[in-house]
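Below: the structure, in structure tokens.
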Amino acid sequence: MDMAALICVVGVAFFFTYTNGFHDSANAIATSVSTRALTPKAALAMAAVMNLAGAFLGSGVAQTVSKGLIDTPQGSQGMTVLFGALVGAIAWNLVTWYFGLPSSSSHALFGGLVGAALAAGTGVIWSGVVDKVIIPMVVSPIVGLLAGYLVMLGILWLFRRANPHKAKRNFRVAQTASAAAMALAHGLQDAQKTMGVVVLALTISGHQSGNGIPIWVKLSCAAMLSLGTYAGGWRIMRTLGRKIIELDPPQGFAAESTSATIMYITSYVFKAPISTTHVITASIMGVGATKRIRAVRWGVAKNIVLGWFITMPAAALVAAAVYGVTWAIVS
């Protein structure tokens, strides 16, 4: 197997992780920054460190990505499938980042894998795609919306007699913990997805057998995700933090703690790769709806949800085209 092809695919995988970091950094910190619980620089630094730590907390999601979605062919064709999938995901990340749309890097990657595999004529494990991608994609935002609404109702009831100004000050402090938990969960979920792709590349190239994740892969993916996170994603941060609804500290805490809890459960119990973007956005909508339904800017929310449904097909089309061109060159 050509070592240059392996190095190329692994390098592109690391770059995808970097774009994932700056694209999704808003997931962890937008609410804390918008409520002024944390300064932007402090929030980004904290998120980068917690993303790094979260990458070492498990491997279930990585194993799902590496063996549960597509039957990757061996040799040059398999490497070309991975290359096309990653380029398709990167392209969608950059387009949605430019327009400030909080789409899912995870589903861009899954769409890329499926699109490249179909273009190559290799097997797609549709049961795995449905069980591990489609169902969580639909269910997790619904759970986030309902849970965010209920958690916020609980907070409003518990603190109904509290001094509003004092309560907001206390929730600003509490948001430091909830934002850290969110960033840790983001590292747990998103770093593992790229780890799974790198393990696939190593297996195809004959440099690894089995689904174990080498320590250098964990370190590299975690480091690139953290670097991307520290680079920031200000366009998307504005959308999540202000355009959907103007958040106050209790609302920010409710949205972050709800989202982090959902991601921990899906990572450890179901080993399902869910979208941090979908969960935090839905939680913000649910939390905002407790103020009044019209407090949520549903027009913005509609555009975001539309982007969710476009993500996988769009990344799949780009990945299929990249695979076709690349395979024609190398074969």
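Here's how to read the names in the structure tokens: chain A, B, ... by the order shown, residue numbers from 1 in each chain, ligand numbers from 1 in the order shown.
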Query - Spatial neighbours of Asp248 (chain A), max dist 10 Å, only C-alpha atoms, sep filter under 5 positions, as a VMD selection string - result: chain A and resid 31 to 32 34 to 37 168 171 to 172 253 288
Report task. Identify which of the residues A:Gly78, A:Pro273, A:Gly84, A:Pro141 lies closest to Thr194 (chain A), counting only C-alpha atoms when measuring atom-to-atom distances. Result -> A:Pro273
**Report entry** Selection: 12 Å around Ala328 (chain A), only C-alpha atoms, excl. self and same-chain fewer than 3 positions, as a count of residues only
**Finding:** 11
Query raised in the report: Which of these, A:Ile29, A:Ala315, A:Ile142, A:Ala162, has the shortest distance to Ser283 (chain A) once you count only C-alpha atoms?
Result: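 For Ser283 (chain A), the nearest of the candidates is A:Ile142.
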Report task. Extract, using only C-alpha atoms, all DNA, RNA and protein residues at most 12 Å from Ala177 (chain A), discarding same-chain residues fewer than 4 positions from it, and format them as a VMD selection string. Result -> chain A and resid 28 to 29 32 37 to 38 43 46 to 47 50 170 to 173 181 to 184 252 to 254 256 to 257 260
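Atom pair CA of Leu225 (chain A) / CA of Tyr18 (chain A): separated by 5.1 Å.
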Query raised in the report: Near region 144-148 of chain A, counting only C-alpha atoms, which residues have an atom at most 7 Å away, once you skip same-chain residues fewer than 4 positions from it, shown as a ChimeraX atom specification?
Result: /A:140,152,254-255,258-259,279,282-287
**Report entry** Residues near Ala4 (chain A), cut-off 12 Å, only C-alpha atoms, skip fewer than 5 positions along chain, as a list in words
**Finding:**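 Returned residues: Val9, Val10, Gly11, Ser76, Met79 and Ser205 of chain A.
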Those residues you just picked out, can you put them in a file as a compact mmCIF listing (two decimals), in the first residue's frame with N, CA and C atoms?
```
# COMPACT_ATOMS: atom_id res chain seq x y z
N VAL A 9 -4.53 10.75 3.36
CA VAL A 9 -5.86 10.57 3.95
C VAL A 9 -5.86 10.96 5.42
N VAL A 10 -4.83 10.54 6.15
CA VAL A 10 -4.75 10.89 7.57
C VAL A 10 -4.62 12.40 7.74
N GLY A 11 -3.84 13.04 6.87
CA GLY A 11 -3.69 14.49 6.94
C GLY A 11 -5.01 15.20 6.67
N SER A 76 -6.20 0.77 -2.72
CA SER A 76 -6.31 2.16 -3.18
C SER A 76 -7.75 2.64 -3.26
N MET A 79 -8.93 3.74 0.17
CA MET A 79 -8.34 5.02 0.57
C MET A 79 -8.99 6.18 -0.19
N SER A 205 -4.93 0.07 4.90
CA SER A 205 -3.55 0.10 4.41
C SER A 205 -2.71 -1.05 4.96
```
